[in-house]
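Asker: Take this structure first; my questions come after.
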Amino acid sequence: MRKVIIGLMFLGMLVACTQDEYIVYEPFTIVPESLEIVEPVGLKLENTFVSDKVSVNVKLPSDGTYRLKIKDIIGNLVSQEKLSAKEGDNILSIYTTSLEKSSYTVELQTEDGILLGSSVFVMIN
Amino acid sequence: MKNLLTMLLIMVTSISFGQDLRIDHSVTNPAPYAVGDTITIKFNTIDLNGSVPTLVQFDYEYNNKLLEKIDHTFSLPNNSSAMTSLNHWDGYKWTPIGGINPSNLSDQYQQGSYSTNADFSVERITVQDGITIAHSQTILVVRFRVKDKINSGYSDYSQSTSLNWANVKDNSTNTVYSTWAMTKNVDLGDVGGGTLNAVTFRVDTPISNKTSYKYSIDEVNNTNGNQTVQTGNLDASGEVVVSGLVDGTQYRFYTYVESDFTDPQNPVHPTWLDDVVTISDVYLVFNYMSSTDIDGNGTGTFDYYIQKQFADITQLQSELPQEGQPWVANVNDNDSYVFLSYLAGTLPTYNNQNGDGFYPITSTKYGSMNYTMLADKYGMQTITSDPSLFIPSPTSTVFNFKAGLNGDVDLSHSATPLTSGYDNVSKSARNGKVKSASFQKTPETSNLDISTQLVGGNVIMEINTTKTGMAGAQFNLTYDSNILEFSEVIFDTGNEMTNFANSKDGKLFIGSLDLNGEKTVKIGTPYKVIFTPKETITNTAGLVSFGVKEGVKTDGTKVKFNIQ
């Protein structure tokens, strides 16, 4: 009986000392085909023609803070978002209701002003 | 010789190799051309290397001193379901990037840049389809009227239109095609002179979208009353050429910014009218009043008499000029506080039907308040007759006018008079005055950081500045009111500034002003705007756009902010 108890205690210690294993799944972004970017970094709009908003993929080299800038024909900044985003694909939206009906360039920049990608869109009248 | 020919053949092949397609733009009417002629320019692509584009996008520009655009039509007979768009801007010219052939349109895409140039207008053409956009079909035709080059500053028509850049690709495979210009510039060659019956009106206005001005020519007839004989819009350069006026007859010419009066009770005015009267105008009026006595007799001065007219927005009916009498402007405290209340959004509601609560301040609230006068009469204190009358004759076929907008005290959207405009008495009386509401017409520029950010479920917009010495600042913002609700502005401008925040229908006007011009806006983050989203959002790009963003220094100089 004593051996049985010692055996059970030993077994209990073994079980207690076994490290739990957790499998951590990295959250991943499903990227529609129309927004796939082959290059390691960049920016891609779902469509050149935009009514009230358009999906955009910003593919980033690392986690951090970036700027999404909307510029008019002469390069004046008309809207800007300071964005905290993760490495890889980030599916976001660009809203256009507040903009005058026109054509604009959207740029993705680092906080240091390094251009990572840009594209032109046209607002539907 | 054979070897030489072979070499040349190889060279030519090498040069053209790599080009997938070309964009052609050419005049379809046979030369020669004369002033007043209508010409048609068509655009199409020509394939060189089996390209199958589904997106064709390009910019071109035209010289608006030499050409007046009439209209445009998309053609695309083989792509009838394609999406098309034409964007138009006046007052810009393309500068190609160095080191790349300007005719290499695809390599110029997003490489060169635009700069302001009042002589040119830019158009962006975008065509997208689910199938291949066929080559050699006419994409677009644009009709122009040929203008006289006399006094235009151009000696020939060699660069009447020019292709700037192109972005042509197959969206399905993301294949970008190398695109070159077939004809970079359209040259109209020798253009014949116009007839004397073509009377030219040139309207001086600093606004960029000059075509938003309508003109009207009335025949002045003391017996049968006045009759409108010509109307239309100014062209991109602020000019119009008309025919049919009678030699020796008196006419009146005037211009006005057009509004949409489809619903007369709720007219829709151009949004840019809210850019006309800003913090720098209001500051100039307060500065003027600070050296004017309580009776309004005035020791304050403006650089130009017309500024005084534009500042006099509480003018009584009895003060309006009578026939043969000069226009006497009288600026007083009421004017300055009405200006400030306008910015702060605290003026009484304007009743469109009975006119109650009306102030002649150019804005989307009241509409445009227009002045048009012959250039040598514009803003002259001594004018006692209608300053817009003219009589054409074979020797008088060109008339120069100047246009301004009431309330625009700093003349940001109004022409500058040829002289100060004060009569001799007033001019001599100005000598030795204490404080002038003078200003530098050339504004200073200063960098500014404005951005939106999603923080804790709210959209936060911060305005950060390092500019010192500003007696006031103003920011006009537009936000997507379908998605955002304006919550509050947190001011950190200093303890003694008068701050204002005025929100209505997706517009937000915020700013500050020290009425005495002694205190200045604190640097750092003087303004933090908080919006509450009405729906779940993951980011904020485009939800808030920036309009007017300017300051005014204590000496009255305007500060234009350049957002980084």
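Ordered as shown in the structure tokens, chains take letters A, B, and onward, while each chain numbers its residues from 1 and ligands are numbered from 1 in the order shown.
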Using only C-alpha atoms, determine which residues lie at most 7 Å from stretch 105-122 of chain B, disregarding the query and same-chain residues fewer than 3 positions distant; provide the list as a list in words.

Answerer: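 What passes the distance filter is Ile73 and Ile74 of chain A; Asp59, Tyr60, Glu61, Tyr62, Asn63, Asn64, Lys65, His88, Trp89, Asp90, Gly91, Tyr92, Lys93, Trp94, Thr95, Pro96, Ile97, Pro102, Asn164, Trp165, Ala166, Asn167, Ser178, Thr179, Trp180, Ala181 and Ser237 of chain B.
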
Asker: Give me the residues within 6 Å of B:Lys549 as a compact mmCIF listing (two decimals) with N, CA and C atoms, in the first residue's frame, counting only C-alpha atoms and dropping any in the same chain fewer than 6 places off.

Answerer:
# COMPACT_ATOMS: atom_id res chain seq x y z
N GLN B 474 -6.84 79.81 -38.38
CA GLN B 474 -8.14 79.28 -38.75
C GLN B 474 -7.97 78.00 -39.57
N PHE B 475 -8.83 77.04 -39.32
CA PHE B 475 -8.82 75.77 -40.06
C PHE B 475 -10.25 75.42 -40.44
N PHE B 561 -0.34 77.60 -44.28
CA PHE B 561 0.27 76.39 -43.74
C PHE B 561 0.44 75.33 -44.82

Asker: What separation in Å, quoted to one decimal, exists between atom CA of B:Met461 and atom CA of A:Lys71?

Answerer: 17.6 Å

Asker: Identify, with DSSP run on backbone atoms, the residues in stretch 341-399 of chain B assigned to helix (DSSP H, G or I), and express the list as a list of chain:residue names.

Answerer: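 Result set for stretch 341-399 of chain B (helix (DSSP H, G or I)): B:Ser341, B:Tyr342, B:Leu343, B:Ala344.
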
Asker: Taking only C-alpha atoms into account and nothing else, which residues of chain B lie no more than 6 Å away from chain A? Please answer as a PyMOL selection string.

Answerer: chain B and resi 114+451-453+478-480+541-543+545-546

Asker: Between A:Asp72, A:Leu60, A:Gly117, A:Tyr104, which residue has the minimum interatomic distance to A:Pro40, considering only C-alpha atoms?

Answerer: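 The shortest atom-to-atom distance to A:Pro40 comes from A:Leu60.
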
Asker: Between A:Glu87, A:Val58, A:Gly64, A:Val31, which is the closest to A:Leu43 once you count only C-alpha atoms?

Answerer: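 Selected residue with least distance to A:Leu43: A:Val58.
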
Asker: With only C-alpha atoms as the counted atoms, please give the residues lying no more than 10 Å from B:Thr416, apart from itself and same-chain residues fewer than 4 positions off, as a PyMOL selection string.

Answerer: chain B and resi 204-206+304+306-307+375+378-379+402-404+410-412+420+441

Asker: Atom CA of B:Ser160 and atom CA of B:Ala198, how far apart in Å?

Answerer: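 Atom-to-atom, atom CA of B:Ala198 and atom CA of B:Ser160 are spaced 20.8 Å apart.
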
Asker: Considering only C-alpha atoms, can you say which of B:Gly192, B:Gly407, B:Pro348, B:Gly153 comes closest to B:Tyr33?

Answerer: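 Selected residue with least distance to B:Tyr33: B:Gly192.
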
Asker: Leaving out B:Glu239 and any residue of its chain fewer than 3 positions from it, which residues lie within 9 Å of it when counting only C-alpha atoms, given as a list in words?

Answerer: Lys65, Glu68, Thr200, Phe201, Arg202, Val203, Asp204, Lys210, Asn233, Leu234, Asp235 and Ala236 of chain B

Asker: What is the atom CA of B:Gly225 to atom CA of B:Thr362 distance in Å?

Answerer: 29.3 Å

Asker: I'd like to know which of A:Ile30, A:Val50, A:Tyr66, A:Leu35 is closest to A:Leu116, using only C-alpha atoms.

Answerer: A:Tyr66

Asker: Which one is closest to B:Gln564: A:Leu45, A:Asn90, A:Glu111, A:Lys59? Count only C-alpha atoms.

Answerer: A:Glu111

Asker: Taking only C-alpha atoms into account, name the residue in B:Ile460, B:Val552, B:Tyr371, B:Thr468 that is nearest to B:Pro443.

Answerer: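 Of B:Ile460, B:Val552, B:Tyr371, B:Thr468, the one nearest B:Pro443, counting only C-alpha atoms, is B:Val552.
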